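Here's the structure, in structure tokens; my notes come after.
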Amino acid sequence: MTRSRLAVLVSTVVVVLGVIAGIGALWLNPARAAVGPMPGEALVLPADARFVMGFDVKRFTASPFYARYASQRGMHPEALRELEEKTGINPARDVDQIVVAGTSGTGAGSLGLALATGRFDLYKLGRTLETEGKVDGYNHDGATVYAFKPEGTHAMAIAFLDESTLLFGQKARVEAAVSSRTRGEVPFRKNAVLLALVEKVRPGSTFWMVGDQSLLAGMPSSVPAPGASVDGAAISLPALKSLTVTGDLDPQVSLAVTGEATDELAAKNLADVVRGFVAIMSLQAQQKPELSQLASAVTVATQANQVLVSARIPYELLDALQPKAKAAPAK
């Protein structure tokens, strides 16, 4: 074989190996399989989830909303607050996104599982947890897992998947997700209903949530009619098959809610109920003029068997709706 032919053969082999490696990365690396706004890493979340929500921490902390109200209580979502308390992770600095999946009900499995992506110093985190004696560390299917004390039915744990991905939640759920990842499985893809809903969510939303029919089963089937007494007339609420919520915080607070009803008539009836409550808000504007502006910011529409509710709320209106500080008593 001549030297030129050998060079061509070697080049061909290198190219083929590169293509195979690229295809392998697409198939084996979960990050390549993002679904809508959900990062591919989150596909290890449980298949039996009844809801899944996502939170873009970077967009949130860069938004006018955070700049205005960061010091107020309730600004930190529960999953972020608990993660910070147990690990010392600073969400605003270390976390890019967080995705939470859970089931309805009150059992141990309903505690949910959260996946966070960002930049994590695993050695520093591990040392912090071990030094403070908060955890028992062990290896599970190739990942470092720390179980928080005391352990029990609702024991919590955190798993370090790599320098950019953490799992946090009920210990059994965390271990199951780690094992799925090690085996190259993506359990969440088995949940066809939620997967289809997530695919429709626009990537780039600051926050989003989708839930299926079982999650909505606990919603009340009726609400008191406007002006009715406790034992008075009630308005029946059509059942929903699914619910999707998305929101953005820049340049204003934008919220979009899509509810899927059983049919077009049910969607129309539910839309009328929502419009009724918006109208009540407008009628109360005499006591609080800002409510009239808030009602004007909400629109309700239907599309086939879907109810579409959207709101566009300027920050000036949010400021006006804030409780007025009480004047200090005179000395």
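Each chain in the structure tokens gets a letter, A, B, ..., in the order shown, and its residues are numbered from 1; ligands are numbered from 1 in order too.
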*Name all residues at most 7 Å from segment 51-53 of chain A (count only C-alpha atoms; drop same-chain ones fewer than 2 positions away) and give them as a VMD selection string.*
chain A and resid 49 55 99 to 103 208 to 212 215
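As for atom CA of Gly40 of chain A and atom CA of Tyr123 of chain A, they are spaced 24.6 Å apart.
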If we count only C-alpha atoms, what is near Ile313 of chain A at a cut-off of 10 Å, once residues fewer than 4 positions away on the same chain are taken out, given as a ChimeraX atom specification?
/A:249,251-255,293-298,317-318
For this session: Fewer than 4 positions away in the same chain doesn't count, so skip those; otherwise give me all residues within 12 Å of Leu43 of chain A, counting only C-alpha atoms, as number ranges by chain.
Result: A: 29-39, 47, 49, 52, 99-101, 113-115, 167, 177-178, 180-181, 184-191, 194-195, 198
*Could you pull out the residues in segment 35-222 of chain A that DSSP calls strand (DSSP E or B) from the backbone, as a ChimeraX atom specification?*
/A:35,38,51-56,95-102,113-118,135-140,143-148,156-162,165-170,207-211,222
Note to self: Set the distance at 12 Å and use only C-alpha atoms: which residues neighbour Val278 of chain A once local chain neighbours fewer than 5 positions away are removed? I'd like the list as a ChimeraX atom specification.
What the structure shows: /A:226,271-273,283-285,291-300,309-311
With distances taken over only C-alpha atoms, the candidate from A:Asn139, A:Thr182, A:Gln213, A:Ser71 nearest Glu260 of chain A is A:Gln213
Contact residues around Lys134 of chain A with only C-alpha atoms at 12 Å, ignoring same-chain residues under 2 positions, as a list of chain:residue names
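Residues meeting the cut-off are A:Glu85, A:Lys86, A:Thr87, A:Gly88, A:Leu125, A:Gly126, A:Arg127, A:Thr128, A:Leu129, A:Glu130, A:Thr131, A:Glu132, A:Asp136, A:Gly137, A:Tyr146, A:Ala147, A:Phe148, A:Lys149, A:Pro150, A:Glu151, A:Met156, A:Ala157, A:Ile158.
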Can you measure atom CA of Gly259 of chain A to atom CA of Ala320 of chain A for me? One decimal in Å is fine.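 Atom CA of Ala320 of chain A lies 29.4 Å from atom CA of Gly259 of chain A.
Coordinates place atom CA of Ala116 of chain A at a distance of 14.7 Å from atom CA of Gln170 of chain A.
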Closest of A:Ile235, A:Ala159, A:Val44, A:Leu216 to Arg183 of chain A, counting only C-alpha atoms, is A:Val44
Across A:Thr144, A:Asp248, A:Gly276, A:Leu237, the smallest distance to Thr262 of chain A, with only C-alpha atoms counted, is shown by A:Leu237
